[in-house]
$ cat query.cif   # mmCIF, C-alpha atoms (C1' of nucleotides)
data_data
#
loop_
_atom_site.label_atom_id
_atom_site.label_comp_id
_atom_site.auth_asym_id
_atom_site.auth_seq_id
_atom_site.Cartn_x
_atom_site.Cartn_y
_atom_site.Cartn_z
CA MET O 1 177.45 56.38 62.13
CA GLN O 2 174.30 58.35 62.89
CA THR O 3 172.46 55.81 64.95
CA GLN O 4 173.58 53.08 67.29
CA GLY O 5 171.14 50.32 68.05
CA GLY O 6 168.28 52.36 66.66
CA VAL O 7 168.94 55.17 69.14
CA ARG O 8 169.70 58.54 67.58
CA ARG O 9 172.75 60.34 68.84
CA PRO O 10 171.57 63.79 69.91
CA GLN O 11 172.65 67.03 68.27
CA ARG O 12 173.59 69.46 70.97
CA ALA O 13 177.15 69.32 72.21
CA ASP O 14 176.37 68.73 75.88
CA ALA O 15 173.83 66.09 74.95
CA ARG O 16 176.35 64.24 72.80
CA ARG O 17 178.85 64.32 75.65
CA ASN O 18 176.32 62.76 77.99
CA PHE O 19 175.27 60.21 75.41
CA ASP O 20 178.82 59.02 74.93
CA ALA O 21 179.57 59.04 78.65
CA LEU O 22 176.51 56.88 79.23
CA ILE O 23 177.56 54.31 76.67
CA ALA O 24 181.06 54.16 78.12
CA ALA O 25 179.73 53.78 81.66
CA ALA O 26 177.23 51.18 80.55
CA ARG O 27 179.95 49.17 78.81
CA ASP O 28 181.89 48.97 82.06
CA ALA O 29 178.86 48.23 84.17
CA PHE O 30 177.53 45.51 81.87
CA ALA O 31 180.95 43.91 81.75
CA GLU O 32 181.17 43.91 85.50
CA HIS O 33 177.65 43.00 86.56
CA GLY O 34 176.01 41.48 83.51
CA THR O 35 172.68 42.50 82.03
CA THR O 36 171.23 43.33 85.42
CA ALA O 37 173.67 46.15 86.19
CA SER O 38 171.91 49.01 87.94
CA LEU O 39 170.85 51.80 85.62
CA GLU O 40 171.20 54.32 88.42
CA GLU O 41 174.78 53.28 88.93
CA ILE O 42 175.44 53.68 85.22
CA ALA O 43 174.06 57.21 85.34
CA ARG O 44 176.17 57.92 88.40
CA ARG O 45 179.33 56.62 86.76
CA ALA O 46 178.61 58.71 83.71
CA GLY O 47 178.20 61.78 85.93
CA VAL O 48 174.69 62.26 84.62
CA GLY O 49 171.20 62.31 86.10
CA ILE O 50 169.01 59.25 85.86
CA GLY O 51 166.53 61.28 83.84
CA THR O 52 169.13 61.84 81.16
CA LEU O 53 169.77 58.16 80.92
CA TYR O 54 166.11 57.44 80.41
CA ARG O 55 165.66 60.17 77.82
CA ASN O 56 168.44 58.75 75.68
CA PHE O 57 167.68 55.10 76.28
CA PRO O 58 164.05 54.51 77.19
CA THR O 59 164.65 50.84 77.91
CA ARG O 60 167.53 48.80 79.20
CA GLN O 61 167.62 47.05 75.88
CA ASP O 62 168.15 50.30 74.00
CA LEU O 63 171.20 51.02 76.10
CA PHE O 64 172.44 47.50 75.71
CA ASP O 65 172.14 47.65 71.95
CA ALA O 66 173.89 51.00 71.75
CA VAL O 67 176.80 49.55 73.72
CA TYR O 68 177.31 46.42 71.69
CA LEU O 69 176.12 46.96 68.16
CA GLY O 70 179.06 49.21 67.34
CA GLU O 71 181.62 46.67 68.43
CA LEU O 72 179.70 43.98 66.66
CA ASP O 73 180.28 45.71 63.34
CA ALA O 74 184.00 45.55 63.85
CA LEU O 75 183.78 41.88 64.66
CA CYS O 76 181.86 41.10 61.51
CA ARG O 77 184.28 43.02 59.34
CA ALA O 78 187.12 41.02 60.84
CA ALA O 79 185.82 38.11 58.81
CA ASP O 80 187.16 39.89 55.72
CA ASP O 81 190.54 40.38 57.32
CA VAL O 82 191.02 36.67 57.84
CA ALA O 83 189.53 35.61 54.51
CA GLY O 84 193.01 35.44 52.96
CA LEU O 85 194.30 32.82 55.37
CA GLU O 86 194.24 29.08 54.87
CA PRO O 87 190.70 27.75 55.41
CA TRP O 88 191.32 26.33 58.85
CA ASP O 89 193.47 29.22 60.01
CA ALA O 90 190.73 31.63 59.04
CA VAL O 91 188.20 29.78 61.17
CA ALA O 92 190.53 29.65 64.15
CA ALA O 93 191.57 33.28 63.80
CA TRP O 94 188.03 34.56 63.60
CA LEU O 95 186.91 32.47 66.54
CA ARG O 96 189.75 33.88 68.58
CA ARG O 97 188.60 37.32 67.61
CA PHE O 98 185.13 36.33 68.67
CA VAL O 99 186.48 35.24 72.03
CA GLY O 100 187.99 38.67 72.42
CA TYR O 101 184.56 40.11 71.84
CA VAL O 102 182.75 37.93 74.32
CA ALA O 103 185.46 37.55 76.96
CA THR O 104 185.09 40.87 78.72
CA LYS O 105 181.35 40.94 78.31
CA ARG O 106 179.32 38.74 80.57
CA ALA O 107 176.25 40.57 79.37
CA ILE O 108 176.79 39.60 75.74
CA TYR O 109 177.01 36.02 76.73
CA GLU O 110 173.83 36.20 78.76
CA GLU O 111 172.07 37.83 75.86
CA ILE O 112 173.43 35.72 73.04
CA ASN O 113 170.99 32.93 73.73
CA ARG O 114 167.84 34.90 74.39
CA ASP O 115 165.60 35.75 71.51
CA SER O 116 165.32 39.43 72.31
CA GLU O 117 164.11 41.15 69.14
CA MET O 118 167.06 43.38 68.51
CA VAL O 119 169.79 40.94 69.40
CA ARG O 120 168.43 38.56 66.84
CA GLY O 121 169.64 40.81 64.05
CA ALA O 122 173.05 41.02 65.67
CA ARG O 123 173.29 37.27 65.85
CA GLU O 124 172.36 36.93 62.23
CA ALA O 125 175.11 39.34 61.31
CA MET O 126 177.70 37.31 63.18
CA TYR O 127 176.45 34.10 61.68
CA ALA O 128 176.57 35.58 58.22
CA ALA O 129 180.15 36.63 58.83
CA PHE O 130 181.33 33.30 60.14
CA GLU O 131 179.31 30.90 58.03
CA PRO O 132 181.39 31.27 54.85
CA LEU O 133 184.61 30.73 56.76
CA LEU O 134 183.32 27.54 58.27
CA ALA O 135 181.87 26.32 54.98
CA ARG O 136 185.19 26.84 53.25
CA ALA O 137 187.05 24.95 55.97
CA GLN O 138 184.59 22.10 55.74
CA GLU O 139 184.82 21.88 51.97
CA SER O 140 188.58 21.85 52.09
CA GLY O 141 188.41 18.99 54.57
CA ALA O 142 190.01 20.95 57.39
CA ALA O 143 186.94 21.09 59.64
CA ARG O 144 184.56 18.31 60.56
CA ARG O 145 181.27 18.46 58.74
CA ASP O 146 178.87 17.51 61.50
CA VAL O 147 178.85 20.91 63.20
CA SER O 148 176.98 24.05 62.26
CA THR O 149 177.80 27.71 62.61
CA ASP O 150 175.37 27.86 65.49
CA ASP O 151 177.04 24.93 67.24
CA LEU O 152 180.44 26.53 67.05
CA LEU O 153 179.47 29.97 68.17
CA ARG O 154 177.65 28.56 71.16
CA LEU O 155 180.52 26.26 71.93
CA VAL O 156 183.03 29.06 71.89
CA SER O 157 180.90 31.61 73.71
CA GLY O 158 180.09 29.10 76.44
CA LEU O 159 183.76 28.34 76.86
CA THR O 160 184.72 31.94 76.93
CA ALA O 161 182.19 33.04 79.48
CA GLY O 162 183.38 30.56 82.06
CA GLY O 163 185.74 31.67 84.77
CA TYR O 164 189.37 30.66 84.46
CA VAL O 165 192.40 30.75 86.65
CA ASP O 166 194.25 32.84 84.10
CA GLU O 167 194.37 33.75 80.44
CA ALA O 168 196.69 30.84 79.72
CA GLN O 169 194.04 28.41 80.88
CA ARG O 170 191.36 29.99 78.74
CA GLU O 171 193.68 29.72 75.79
CA ARG O 172 194.47 26.09 76.57
CA VAL O 173 190.81 25.17 76.83
CA LEU O 174 190.00 26.98 73.61
CA THR O 175 192.77 25.10 71.85
CA VAL O 176 191.35 21.79 73.01
CA ALA O 177 187.91 22.74 71.74
CA LEU O 178 189.26 23.89 68.38
CA ASP O 179 191.14 20.64 68.01
CA GLY O 180 187.82 18.92 68.45
CA VAL O 181 186.44 20.88 65.51
CA ARG O 182 189.29 19.92 63.24
CA ALA O 183 188.80 17.02 60.92
CA ARG O 184 190.86 13.97 61.82
CA MET M 1 172.88 11.81 106.73
CA GLN M 2 172.43 14.00 109.81
CA THR M 3 173.72 17.24 108.41
CA GLN M 4 173.61 18.75 104.96
CA GLY M 5 176.04 21.50 104.20
CA GLY M 6 176.80 21.97 107.86
CA VAL M 7 173.15 22.68 108.64
CA ARG M 8 171.53 20.33 111.12
CA ARG M 9 168.21 18.81 110.15
CA PRO M 10 165.79 19.65 112.96
CA GLN M 11 164.11 17.14 115.27
CA ARG M 12 160.46 17.96 115.43
CA ALA M 13 158.22 16.49 112.75
CA ASP M 14 156.80 19.77 111.45
CA ALA M 15 160.23 21.32 111.46
CA ARG M 16 161.66 18.47 109.39
CA ARG M 17 158.82 18.80 106.91
CA ASN M 18 159.54 22.49 106.49
CA PHE M 19 163.26 21.90 106.23
CA ASP M 20 162.81 19.44 103.40
CA ALA M 21 160.22 21.59 101.64
CA LEU M 22 162.63 24.51 101.74
CA ILE M 23 165.44 22.55 100.18
CA ALA M 24 163.17 21.29 97.43
CA ALA M 25 161.82 24.76 96.72
CA ALA M 26 165.33 26.21 96.77
CA ARG M 27 166.53 23.61 94.30
CA ASP M 28 163.86 24.68 91.83
CA ALA M 29 164.39 28.37 92.40
CA PHE M 30 168.18 28.20 92.08
CA ALA M 31 167.83 26.20 88.89
CA GLU M 32 165.46 28.73 87.45
CA HIS M 33 166.95 32.03 88.58
CA GLY M 34 170.53 31.26 89.55
CA THR M 35 172.19 32.21 92.81
CA THR M 36 170.20 35.41 93.10
CA ALA M 37 166.80 33.71 93.38
CA SER M 38 164.60 35.51 95.87
CA LEU M 39 164.59 33.95 99.32
CA GLU M 40 161.06 35.14 99.92
CA GLU M 41 159.90 33.36 96.80
CA ILE M 42 161.60 30.19 97.99
CA ALA M 43 159.79 30.42 101.32
CA ARG M 44 156.53 31.04 99.48
CA ARG M 45 157.02 28.04 97.20
CA ALA M 46 157.80 25.91 100.20
CA GLY M 47 154.60 27.08 101.87
CA VAL M 48 156.57 28.38 104.81
CA GLY M 49 157.15 31.74 106.44
CA ILE M 50 160.25 33.70 105.66
CA GLY M 51 161.21 33.49 109.32
CA THR M 52 161.36 29.73 109.09
CA LEU M 53 163.69 29.92 106.15
CA TYR M 54 166.06 32.17 108.06
CA ARG M 55 166.00 30.02 111.17
CA ASN M 56 167.05 26.96 109.22
CA PHE M 57 169.44 28.69 106.87
CA PRO M 58 170.84 31.89 108.34
CA THR M 59 172.60 32.79 105.11
CA ARG M 60 171.94 32.24 101.44
CA GLN M 61 175.08 30.19 101.30
CA ASP M 62 173.81 27.78 103.96
CA LEU M 63 170.74 27.09 101.87
CA PHE M 64 172.79 26.75 98.74
CA ASP M 65 175.09 24.24 100.35
CA ALA M 66 172.22 22.21 101.74
CA VAL M 67 170.74 21.99 98.25
CA TYR M 68 173.85 20.90 96.40
CA LEU M 69 176.15 19.04 98.71
CA GLY M 70 173.91 16.01 98.81
CA GLU M 71 173.81 15.63 95.05
CA LEU M 72 177.50 16.28 94.87
CA ASP M 73 178.17 13.15 96.89
CA ALA M 74 176.31 11.06 94.35
CA LEU M 75 178.33 12.60 91.56
CA CYS M 76 181.62 11.79 93.23
CA ARG M 77 180.62 8.22 93.91
CA ALA M 78 179.75 7.83 90.23
CA ALA M 79 183.49 7.89 89.61
CA ASP M 80 183.64 4.41 91.13
CA ASP M 81 180.81 3.19 88.90
CA VAL M 82 182.74 4.05 85.76
CA ALA M 83 186.11 2.89 87.01
CA GLY M 84 185.65 -0.48 85.34
CA LEU M 85 185.33 0.95 81.82
CA GLU M 86 188.11 1.45 79.34
CA PRO M 87 190.22 4.48 80.34
CA TRP M 88 188.78 6.84 77.75
CA ASP M 89 185.22 5.64 78.15
CA ALA M 90 185.45 6.21 81.89
CA VAL M 91 186.48 9.82 81.35
CA ALA M 92 183.72 10.43 78.84
CA ALA M 93 181.09 8.70 80.93
CA TRP M 94 181.92 10.63 84.08
CA LEU M 95 182.00 13.92 82.24
CA ARG M 96 178.57 13.20 80.84
CA ARG M 97 177.40 12.50 84.35
CA PHE M 98 178.94 15.79 85.38
CA VAL M 99 177.02 17.52 82.63
CA GLY M 100 173.85 16.06 84.03
CA TYR M 101 174.76 17.59 87.36
CA VAL M 102 175.50 21.04 86.05
CA ALA M 103 172.96 21.25 83.24
CA THR M 104 169.87 22.01 85.25
CA LYS M 105 171.71 24.17 87.73
CA ARG M 106 172.68 27.60 86.62
CA ALA M 107 173.53 28.37 90.20
CA ILE M 108 176.13 25.63 90.42
CA TYR M 109 177.82 26.98 87.36
CA GLU M 110 177.88 30.50 88.73
CA GLU M 111 179.32 29.24 91.97
CA ILE M 112 181.85 26.80 90.56
CA ASN M 113 184.33 29.49 89.76
CA ARG M 114 184.03 31.63 92.85
CA ASP M 115 186.20 30.88 95.81
CA SER M 116 183.39 30.85 98.36
CA GLU M 117 184.74 29.02 101.40
CA MET M 118 182.33 26.14 101.46
CA VAL M 119 182.19 25.47 97.76
CA ARG M 120 185.92 25.06 97.73
CA GLY M 121 185.62 21.76 99.57
CA ALA M 122 182.99 20.62 97.10
CA ARG M 123 185.24 21.41 94.20
CA GLU M 124 188.10 19.51 95.75
CA ALA M 125 185.86 16.50 96.12
CA MET M 126 184.92 16.57 92.46
CA TYR M 127 188.49 17.03 91.42
CA ALA M 128 189.58 14.15 93.59
CA ALA M 129 186.93 11.98 91.96
CA PHE M 130 187.82 12.85 88.39
CA GLU M 131 191.58 13.21 88.61
CA PRO M 132 192.35 9.46 88.70
CA LEU M 133 190.11 8.81 85.71
CA LEU M 134 191.88 11.44 83.68
CA ALA M 135 195.32 10.31 84.80
CA ARG M 136 194.56 6.75 83.73
CA ALA M 137 193.33 7.89 80.33
CA GLN M 138 196.45 9.99 79.85
CA GLU M 139 198.78 7.19 80.84
CA SER M 140 197.05 4.80 78.49
CA GLY M 141 197.51 7.29 75.69
CA ALA M 142 193.79 7.85 75.17
CA ALA M 143 193.69 11.44 76.37
CA ARG M 144 196.03 14.29 75.51
CA ARG M 145 198.48 15.16 78.22
CA ASP M 146 198.46 18.92 78.05
CA VAL M 147 195.23 19.39 79.95
CA SER M 148 194.56 19.27 83.66
CA THR M 149 191.57 18.18 85.68
CA ASP M 150 190.78 21.81 86.28
CA ASP M 151 190.93 22.59 82.57
CA LEU M 152 188.48 19.87 81.71
CA LEU M 153 185.95 20.56 84.39
CA ARG M 154 185.87 24.21 83.46
CA LEU M 155 185.65 23.35 79.80
CA VAL M 156 182.72 21.05 80.32
CA SER M 157 180.87 23.20 82.83
CA GLY M 158 181.24 26.23 80.57
CA LEU M 159 179.85 24.28 77.67
CA THR M 160 177.01 22.91 79.65
CA ALA M 161 175.86 26.17 81.12
CA GLY M 162 175.40 27.78 77.73
CA GLY M 163 171.99 27.94 76.18
CA TYR M 164 171.25 25.55 73.35
CA VAL M 165 168.52 25.09 70.83
CA ASP M 166 167.85 21.59 72.07
CA GLU M 167 169.44 18.68 73.88
CA ALA M 168 170.78 17.27 70.64
CA GLN M 169 172.84 20.39 70.11
CA ARG M 170 174.29 20.28 73.58
CA GLU M 171 175.21 16.69 72.99
CA ARG M 172 176.80 17.51 69.63
CA VAL M 173 178.87 20.30 71.11
CA LEU M 174 179.97 18.15 74.00
CA THR M 175 181.06 15.46 71.56
CA VAL M 176 183.18 17.95 69.67
CA ALA M 177 184.84 19.10 72.87
CA LEU M 178 185.53 15.56 74.01
CA ASP M 179 187.06 14.77 70.64
CA GLY M 180 189.40 17.66 71.29
CA VAL M 181 190.49 16.05 74.52
CA ARG M 182 191.25 12.74 72.88
CA ALA M 183 194.78 12.04 71.87
CA ARG M 184 195.36 11.99 68.14
"C1'" DG S 1 173.81 89.59 74.55
"C1'" DC S 2 169.17 87.51 74.02
"C1'" DT S 3 165.84 84.08 73.48
"C1'" DA S 4 163.60 79.89 72.18
"C1'" DA S 5 164.19 75.24 72.19
"C1'" DA S 6 166.78 71.35 73.67
"C1'" DG S 7 168.40 69.17 77.35
"C1'" DT S 8 169.14 68.33 82.50
"C1'" DG S 9 168.83 66.00 87.00
"C1'" DG S 10 167.04 64.46 91.02
"C1'" DA S 11 162.96 64.29 94.16
"C1'" DG S 12 159.46 61.15 94.92
"C1'" DG S 13 156.18 57.30 94.27
"C1'" DC S 14 156.30 52.48 93.45
"C1'" DT S 15 157.94 47.84 93.85
"C1'" DT S 16 160.71 44.13 95.51
"C1'" DA S 17 164.06 42.00 98.34
"C1'" DC S 18 166.45 41.52 102.72
"C1'" DC S 19 166.34 40.33 107.54
"C1'" DT S 20 164.64 40.72 112.60
"C1'" DC S 21 161.57 40.13 116.13
"C1'" DC S 22 158.02 38.27 118.92
"C1'" DG S 23 153.05 36.84 119.84
"C1'" DA S 24 150.76 32.73 118.24
"C1'" DT S 25 150.87 27.72 117.34
"C1'" DA S 26 151.44 22.93 117.36
"C1'" DG S 27 154.38 18.68 118.45
"C1'" DA S 28 156.18 15.74 122.32
"C1'" DA S 29 156.18 13.91 126.77
"C1'" DG S 30 153.88 12.60 130.77
"C1'" DC X 1 144.30 16.07 128.26
"C1'" DT X 2 147.64 19.26 129.73
"C1'" DT X 3 151.75 21.52 129.85
"C1'" DC X 4 156.09 23.00 128.17
"C1'" DT X 5 158.81 24.49 124.72
"C1'" DA X 6 160.57 24.27 120.04
"C1'" DT X 7 159.01 26.18 116.11
"C1'" DC X 8 156.19 29.07 113.18
"C1'" DG X 9 155.12 33.02 110.18
"C1'" DG X 10 154.46 37.42 108.74
"C1'" DA X 11 154.37 42.45 110.01
"C1'" DG X 12 157.37 45.98 109.46
"C1'" DG X 13 161.81 48.59 109.21
"C1'" DT X 14 165.53 49.22 105.84
"C1'" DA X 15 167.65 49.43 101.49
"C1'" DA X 16 167.93 49.50 96.58
"C1'" DG X 17 166.31 49.73 91.96
"C1'" DC X 18 162.83 51.33 88.54
"C1'" DC X 19 160.81 55.04 86.17
"C1'" DT X 20 158.15 59.70 85.68
"C1'" DC X 21 157.75 64.33 85.85
"C1'" DC X 22 158.78 69.08 85.59
"C1'" DA X 23 161.23 73.37 87.38
"C1'" DC X 24 165.62 74.67 86.06
"C1'" DT X 25 169.97 75.16 83.02
"C1'" DT X 26 172.58 75.27 78.81
"C1'" DT X 27 173.27 75.64 73.98
"C1'" DA X 28 172.76 77.38 69.22
"C1'" DG X 29 171.49 80.82 66.27
"C1'" DC X 30 170.57 85.33 65.47
#
$ encode --input "query.cif" --output "structure tokens"
Amino acid sequence: MQTQGGVRRPQRADARRNFDALIAAARDAFAEHGTTASLEEIARRAGVGIGTLYRNFPTRQDLFDAVYLGELDALCRAADDVAGLEPWDAVAAWLRRFVGYVATKRAIYEEINRDSEMVRGAREAMYAAFEPLLARAQESGAARRDVSTDDLLRLVSGLTAGGYVDEAQRERVLTVALDGVRAR
Amino acid sequence: MQTQGGVRRPQRADARRNFDALIAAARDAFAEHGTTASLEEIARRAGVGIGTLYRNFPTRQDLFDAVYLGELDALCRAADDVAGLEPWDAVAAWLRRFVGYVATKRAIYEEINRDSEMVRGAREAMYAAFEPLLARAQESGAARRDVSTDDLLRLVSGLTAGGYVDEAQRERVLTVALDGVRAR
DNA sequence: GCTAAAGTGGAGGCTTACCTCCGATAGAAG
DNA sequence: CTTCTATCGGAGGTAAGCCTCCACTTTAGC
């Protein structure tokens, strides 16, 4: 991939090193502090000057996109992986994958609702990936018909972003919610 | 009530006016910006100097408690109001009431997971209010037995805090989740 | 090696928030 | 009306984040 989030990866070796270090540091920082993580701290963690951060990512959003758009691709492709399962199982499996995507990323959750230009495209990609799975489950009678793709993704991302005592509880709560989606 | 959140309401007329104005302004600000709302903006909105804010509420937490503990009481007492309904209906009704409490309050949601000393008591009060309703619904066979009070309150508060296109969507999603809680 | 071009990094100016302190003010009591 | 005192409010010191700018450093290509 030549670009990530519309930001070109630089050519010179040292510049590429810094670019990658910044994305890695930003991933951690966004996960820990949400969208408002300090850019100066990100630069510090990456072992890079603040000027370098700004040259590569003129705005916070650019950095944010670079961090998440790559992983988003993988998530969308996962829809193909589960396409062979039974209709309902495919829905459940992909949603669990989606949880894995959102779980460690407070920032994603904060952003998923906003209408920030660039995230809109990302959301559309996810919706496009999940929509067919849901449609198939609904046609086969496995999933209730009165919910939309949008409903489900918001349901699951809201659930996921909450704080839980442990992983087992998150899993339990997710199971309850998925049972609610199942047709009776 | 003489105290709110452990903070004594002052005696002099002007002081009481300011105290109340601060709580009202803080309620708005916390709803809008979450726990990190600027204290100086709260003082400004209340038409009061920043010094007055600090005299009444030495810490952010004191202010936060004063804002929410009063409303919390009302929420807990609502458990009695619904106690006369059918077991399942009582659970659903109280949870909807709970949604009303959390929905406009990002700050509450942020705080509900943390173990901040003073919020712990608040959480226990809510749990105490809801627990009997859930237990009754489980005994009557209306609610599944593999979920706890804690599970449900986190499930619902997570759902509620998410962003939605409109109220109808929030309602739809909540319905799905509640259906998941119902015994088959 | 040498050099031009790409890339670096942090000092510094700006803004915003936190919190303290104390001279000025306004309510309560007589 | 006066006096006493609780209360006010914002100036100002401190800290942290944002972002720009440019003298310096490093790389790639010869």
$ residues_around --input "query.cif" --residues "X:DA11" --least-positions-apart "2" --cutoff "12 Å" --atoms "only C-alpha atoms (C1' of nucleotides)" --output "ChimeraX atom specification"
/M:49-51 /S:20-23 /X:9,13
$ atom_distance --input "query.cif" --atom1 "atom CA of M:Ala93" --atom2 "atom CA of M:Ala78"
9.4 Å
$ atom_distance --input "query.cif" --atom1 "atom CA of M:Asn18" --atom2 "atom CA of M:Leu53"
8.5 Å
$ interface_residues --input "query.cif" --of "chain X" --to "chain O" --cutoff "10 Å" --atoms "only C-alpha atoms (C1' of nucleotides)" --output "list in words"
DA16, DG17, DC18, DC19, DT20, DC21, DT26, DT27 and DA28 of chain X
$ atom_distance --input "query.cif" --atom1 "atom CA of O:Gln11" --atom2 "atom CA of O:Leu75"
27.7 Å
$ interface_residues --input "query.cif" --of "chain S" --to "chain M" --cutoff "12 Å" --atoms "all atoms listed in the file" --output "VMD selection string"
chain S and resid 16 to 22 25 to 28
$ write_last_selection --input "query.cif" --atoms "C-alpha atoms (C1' of nucleotides)" --output "PDB file, in the frame of the given file"
ATOM      1  C1'  DT S  16     160.710  44.130  95.510  1.00  0.00           C
ATOM      2  C1'  DA S  17     164.060  42.000  98.340  1.00  0.00           C
ATOM      3  C1'  DC S  18     166.450  41.520 102.720  1.00  0.00           C
ATOM      4  C1'  DC S  19     166.340  40.330 107.540  1.00  0.00           C
ATOM      5  C1'  DT S  20     164.640  40.720 112.600  1.00  0.00           C
ATOM      6  C1'  DC S  21     161.570  40.130 116.130  1.00  0.00           C
ATOM      7  C1'  DC S  22     158.020  38.270 118.920  1.00  0.00           C
ATOM      8  C1'  DT S  25     150.870  27.720 117.340  1.00  0.00           C
ATOM      9  C1'  DA S  26     151.440  22.930 117.360  1.00  0.00           C
ATOM     10  C1'  DG S  27     154.380  18.680 118.450  1.00  0.00           C
ATOM     11  C1'  DA S  28     156.180  15.740 122.320  1.00  0.00           C
TER      12       DA S  28
END
$ resolve_selection --input "query.cif" --expression "the PyMOL selection byres ((chain M and resi 179) around 9)" --output "ChimeraX atom specification"
/O:176-177,179-181 /M:174-178,180-183
$ residues_around --input "query.cif" --residues "O:Arg97" --least-positions-apart "4" --cutoff "12 Å" --atoms "only C-alpha atoms (C1' of nucleotides)" --output "list of chain:residue names"
O:Glu71, O:Leu72, O:Ala74, O:Leu75, O:Cys76, O:Arg77, O:Ala78, O:Ala79, O:Asp81, O:Val82, O:Ala90, O:Val91, O:Ala92, O:Ala93, O:Tyr101, O:Val102, O:Ala103, O:Met126, O:Phe130, O:Leu153, O:Val156, O:Ser157, O:Thr160
$ residues_near_point --input "query.cif" --point "(161.3, 76.0, 75.1)" --cutoff "12 Å" --atoms "all atoms listed in the file" --output "PyMOL selection string"
(chain S and resi 3-7) or (chain X and resi 24-26)
$ closest_residue --input "query.cif" --among "M:Ala129, M:Tyr109, M:Arg123, M:Ala24" --to "chain O" --atoms "only C-alpha atoms"
M:Tyr109
$ decode --input "query.cif" --residues "stretch 3-16 of chain X" --atoms "C-alpha atoms (C1' of nucleotides)" --output "mmCIF file, in the first residue's frame"
data_model
loop_
_atom_site.group_PDB
_atom_site.id
_atom_site.type_symbol
_atom_site.label_atom_id
_atom_site.label_comp_id
_atom_site.auth_asym_id
_atom_site.auth_seq_id
_atom_site.Cartn_x
_atom_site.Cartn_y
_atom_site.Cartn_z
ATOM 1 C "C1'" DT X 3 -21.389 47.256 61.409
ATOM 2 C "C1'" DC X 4 -19.525 42.760 61.011
ATOM 3 C "C1'" DT X 5 -18.421 39.039 58.468
ATOM 4 C "C1'" DA X 6 -19.433 35.550 55.025
ATOM 5 C "C1'" DT X 7 -18.921 35.584 50.419
ATOM 6 C "C1'" DC X 8 -17.480 37.252 45.944
ATOM 7 C "C1'" DG X 9 -14.704 37.389 41.699
ATOM 8 C "C1'" DG X 10 -11.024 37.819 38.845
ATOM 9 C "C1'" DA X 11 -5.964 38.864 38.377
ATOM 10 C "C1'" DG X 12 -2.151 36.222 37.873
ATOM 11 C "C1'" DG X 13 1.158 32.312 38.426
ATOM 12 C "C1'" DT X 14 1.672 27.625 36.572
ATOM 13 C "C1'" DA X 15 1.224 23.984 33.419
ATOM 14 C "C1'" DA X 16 0.126 21.779 29.156
#
